$ cat data_14.pdb   # PDB, C-alpha atoms, pLDDT in the B column
ATOM      1  CA  MET A 216      36.612  41.240  26.839  1.00 37.00           C
ATOM      2  CA  LEU A 217      33.499  39.663  28.307  1.00 41.00           C
ATOM      3  CA  ALA A 218      33.049  35.884  28.374  1.00 45.00           C
ATOM      4  CA  ILE A 219      29.553  34.620  29.088  1.00 44.00           C
ATOM      5  CA  LYS A 220      27.262  31.688  28.494  1.00 49.00           C
ATOM      6  CA  ARG A 221      23.771  32.969  27.903  1.00 52.00           C
ATOM      7  CA  LYS A 222      20.872  31.084  26.382  1.00 50.00           C
ATOM      8  CA  THR A 223      19.384  32.849  23.352  1.00 54.00           C
ATOM      9  CA  ASN A 224      16.937  30.141  22.258  1.00 61.00           C
ATOM     10  CA  GLU A 225      16.710  26.355  22.263  1.00 67.00           C
ATOM     11  CA  ASP A 226      19.211  25.804  19.417  1.00 70.00           C
ATOM     12  CA  VAL A 227      21.912  28.470  19.859  1.00 69.00           C
ATOM     13  CA  GLU A 228      23.705  29.971  22.830  1.00 71.00           C
ATOM     14  CA  VAL A 229      26.132  32.863  23.211  1.00 70.00           C
ATOM     15  CA  VAL A 230      29.463  31.296  24.133  1.00 66.00           C
ATOM     16  CA  LYS A 231      31.658  34.361  24.098  1.00 64.00           C
ATOM     17  CA  GLU A 232      31.416  38.078  23.492  1.00 59.00           C
ATOM     18  CA  VAL A 233      34.687  39.466  22.188  1.00 58.00           C
ATOM     19  CA  ALA A 234      35.414  43.173  22.573  1.00 53.00           C
ATOM     20  CA  GLU A 235      32.379  45.407  22.256  1.00 68.00           C
ATOM     21  CA  LYS A 236      31.168  44.664  18.762  1.00 80.00           C
ATOM     22  CA  THR A 237      31.595  40.920  18.199  1.00 82.00           C
ATOM     23  CA  ILE A 238      29.355  38.097  19.393  1.00 84.00           C
ATOM     24  CA  VAL A 239      30.301  34.441  18.912  1.00 82.00           C
ATOM     25  CA  LEU A 240      27.342  32.038  18.738  1.00 85.00           C
ATOM     26  CA  GLN A 241      27.576  28.268  18.719  1.00 83.00           C
ATOM     27  CA  ALA A 242      24.876  25.835  17.659  1.00 82.00           C
ATOM     28  CA  LYS A 243      23.815  23.653  20.604  1.00 81.00           C
ATOM     29  CA  ARG A 244      22.982  20.794  18.275  1.00 84.00           C
ATOM     30  CA  GLN A 245      23.868  19.810  14.732  1.00 85.00           C
ATOM     31  CA  LEU A 246      21.767  21.882  12.329  1.00 86.00           C
ATOM     32  CA  THR A 247      20.368  20.627   9.062  1.00 88.00           C
ATOM     33  CA  PHE A 248      21.526  22.372   5.905  1.00 89.00           C
ATOM     34  CA  ASP A 249      18.220  24.279   5.639  1.00 91.00           C
ATOM     35  CA  GLU A 250      18.348  25.324   9.315  1.00 89.00           C
ATOM     36  CA  HIS A 251      21.919  26.552   8.871  1.00 87.00           C
ATOM     37  CA  ILE A 252      21.000  28.602   5.793  1.00 89.00           C
ATOM     38  CA  GLU A 253      17.973  30.154   7.546  1.00 91.00           C
ATOM     39  CA  LEU A 254      19.956  30.977  10.692  1.00 89.00           C
ATOM     40  CA  SER A 255      22.793  32.448   8.611  1.00 89.00           C
ATOM     41  CA  LYS A 256      20.333  34.723   6.797  1.00 92.00           C
ATOM     42  CA  ARG A 257      18.821  35.908  10.077  1.00 91.00           C
ATOM     43  CA  LEU A 258      22.232  36.549  11.648  1.00 90.00           C
ATOM     44  CA  ARG A 259      23.440  38.402   8.559  1.00 91.00           C
ATOM     45  CA  PHE A 260      20.357  40.634   8.739  1.00 92.00           C
ATOM     46  CA  GLU A 261      20.918  41.304  12.464  1.00 89.00           C
ATOM     47  CA  GLU A 262      24.592  42.034  11.779  1.00 90.00           C
ATOM     48  CA  GLU A 263      23.690  44.609   9.121  1.00 89.00           C
ATOM     49  CA  GLN A 264      21.003  46.243  11.298  1.00 88.00           C
ATOM     50  CA  SER A 265      23.023  46.421  14.525  1.00 86.00           C
ATOM     51  CA  GLY A 266      26.583  46.908  13.284  1.00 84.00           C
ATOM     52  CA  VAL A 267      27.721  44.107  15.606  1.00 86.00           C
ATOM     53  CA  LYS A 268      29.850  41.374  14.042  1.00 87.00           C
ATOM     54  CA  ILE A 269      28.239  37.964  14.616  1.00 88.00           C
ATOM     55  CA  ILE A 270      30.215  34.730  14.227  1.00 86.00           C
ATOM     56  CA  LEU A 271      28.368  31.397  14.067  1.00 85.00           C
ATOM     57  CA  LEU A 272      30.398  28.358  15.110  1.00 80.00           C
ATOM     58  CA  PRO A 273      29.329  24.841  14.172  1.00 77.00           C
ATOM     59  CA  HIS A 274      28.172  22.480  16.924  1.00 73.00           C
ATOM     60  CA  SER A 275      31.315  20.357  16.485  1.00 70.00           C
ATOM     61  CA  VAL A 276      33.764  23.178  17.348  1.00 67.00           C
ATOM     62  CA  LYS A 277      34.925  23.606  20.952  1.00 69.00           C
ATOM     63  CA  LEU A 278      35.803  27.156  21.934  1.00 61.00           C
ATOM     64  CA  GLY A 279      38.547  27.507  24.539  1.00 62.00           C
ATOM     65  CA  GLU A 280      37.878  29.776  27.485  1.00 55.00           C
TER
END
$ encode --input "data_14.pdb" --output "structure tokens"
Amino acid sequence: MLAIKRKTNEDVEVVKEVAEKTIVLQAKRQLTFDEHIELSKRLRFEEEQSGVKIILLPHSVKLGE
């Protein structure tokens, strides 16, 4: 298991990579409904293309280390 904090863009950061095929992303700020829908679509596409499971956590959730 690899735990990292890596910036991916201005709104989302990688907070934890679990095993080899799961990435947990957390919004760095509260997203609007439209932003959330658009980001979900993009992540779903990336998930299908790469075979890596991507989990998007809301800004309000704190992930324990």
$ closest_residue --input "data_14.pdb" --among "A:His251, A:Gln245, A:Val229, A:Leu240" --to "Leu272 (chain A)" --atoms "all atoms listed in the file"
A:Leu240
$ closest_residue --input "data_14.pdb" --among "A:Lys268, A:Val239, A:Asp226, A:Ser275" --to "Leu254 (chain A)" --atoms "only C-alpha atoms"
A:Asp226
$ resolve_selection --input "data_14.pdb" --expression "the PyMOL selection byres ((chain A and resi 243) around 9)" --output "ChimeraX atom specification"
/A:225-228,241-242,244-246,273-274
$ atom_distance --input "data_14.pdb" --atom1 "CA of Gly266 (chain A)" --atom2 "CA of Glu250 (chain A)"
23.4 Å
$ atom_distance --input "data_14.pdb" --atom1 "CA of Ile270 (chain A)" --atom2 "CA of Ile238 (chain A)"
6.2 Å
$ atom_distance --input "data_14.pdb" --atom1 "CA of Ile269 (chain A)" --atom2 "CA of Lys256 (chain A)"
11.6 Å
